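protein-v2.txt, holding compact mmCIF, C-alpha atoms:
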# COMPACT_ATOMS: atom_id res chain seq x y z
CA MET V 8 74.57 164.24 132.17
CA ALA V 9 71.53 164.46 134.39
CA ASN V 10 72.00 168.17 135.18
CA GLU V 11 72.72 169.32 131.63
CA ILE V 12 70.75 172.42 130.61
CA ILE V 13 69.70 172.27 126.96
CA PRO V 14 68.72 175.60 125.36
CA VAL V 15 65.61 175.86 123.21
CA ALA V 16 65.38 177.97 120.05
CA ARG V 17 62.63 180.60 120.44
CA SER V 18 63.14 181.92 116.94
CA LEU V 19 65.44 181.41 113.96
CA TYR V 20 65.71 183.91 111.12
CA LEU V 21 67.66 183.79 107.86
CA CYS V 22 68.77 187.21 106.68
CA ASP V 23 71.38 189.18 104.75
CA ALA V 24 72.85 190.89 107.85
CA ALA V 25 72.51 191.17 111.63
CA THR V 26 73.93 194.24 113.35
CA ALA V 27 74.11 195.02 117.08
CA GLY V 28 73.26 198.62 117.96
CA PRO V 29 74.75 200.63 120.85
CA SER V 30 71.60 200.08 122.95
CA GLY V 31 71.96 196.29 122.72
CA LYS V 32 69.20 195.89 120.15
CA VAL V 33 69.85 193.64 117.17
CA TYR V 34 68.83 194.85 113.72
CA LEU V 35 68.10 192.25 111.02
CA SER V 36 68.05 193.29 107.38
CA GLY V 37 66.94 191.34 104.36
CA VAL V 38 64.97 188.65 106.23
CA PHE V 39 63.91 185.76 103.98
CA ASN V 40 62.60 182.20 104.24
CA ALA V 41 63.92 180.55 101.06
CA ILE V 42 66.81 180.61 98.61
CA ARG V 43 65.88 179.90 95.03
CA ALA V 44 68.93 178.52 93.26
CA GLY V 45 68.95 178.52 89.46
CA ALA V 46 71.23 175.46 89.32
CA PHE V 47 73.23 173.21 91.63
CA PRO V 48 75.77 173.33 93.10
CA HIS V 49 74.87 176.83 94.32
CA ALA V 50 77.54 178.59 96.37
CA ASP V 51 77.09 182.32 95.73
CA THR V 52 74.58 183.16 98.48
CA ARG V 53 75.74 184.54 101.84
CA VAL V 54 73.32 183.74 104.68
CA VAL V 55 73.24 184.99 108.26
CA ALA V 56 71.34 182.77 110.72
CA PHE V 57 70.05 184.69 113.76
CA VAL V 58 68.82 182.44 116.56
CA GLN V 59 67.29 183.51 119.86
CA LEU V 60 67.80 180.87 122.57
CA THR V 61 66.19 180.45 125.99
CA GLY V 62 66.72 178.13 128.94
CA GLY V 63 70.46 177.60 128.59
CA PRO V 64 73.74 178.96 129.92
CA ALA V 65 74.99 182.39 128.84
CA VAL V 66 77.42 181.04 126.21
CA VAL V 67 76.34 178.14 123.99
CA PRO V 68 78.73 176.63 121.43
CA THR V 69 76.80 176.04 118.20
CA TYR V 70 77.24 175.01 114.59
CA ILE V 71 74.99 175.02 111.54
CA ASP V 72 75.12 172.14 109.10
CA VAL V 73 73.45 172.77 105.74

What does the file become when written as structure tokens?
Amino acid sequence: MANEIIPVARSLYLCDAATAGPSGKVYLSGVFNAIRAGAFPHADTRVVAFVQLTGGPAVVPTYIDV
């Protein structure tokens, strides 16, 4: 598609939780940059990925493959 608009990630954060406030602000709690697993396989950690996109349409279907 020649006219396809591809969004660009401005920022990506890994955190414990992301909550939207009544004013439209997003609050991130427990921001981190690594998970230190004691052994593998490791499946007990819950991760929220918060991504801020720019340059794309209003709704962007996404997936995260770890």

Report, in Å to a single decimal, how far apart CA of Ile13 in chain V and CA of Lys32 in chain V are.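 If I compute the distance from CA of Lys32 in chain V to CA of Ile13 in chain V, I get 24.6 Å.
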
With distances taken over all atoms listed in the file, which residue among V:Cys22, V:Ala41, V:Ala27, V:Ala16 lies nearest Val58 in chain V? V:Ala16

Atomic distance CA of Ala56 in chain V - CA of Arg43 in chain V, expressed in Å with one decimal: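 Value for the CA of Ala56 in chain V-CA of Arg43 in chain V distance: 16.9 Å.
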
Considering only C-alpha atoms, can you say which of V:Pro14, V:Val54, V:Thr26, V:Val33 comes closest to Thr69 in chain V? V:Pro14

So what do you get for CA of Val38 in chain V versus CA of Val55 in chain V, distance-wise? 9.3 Å
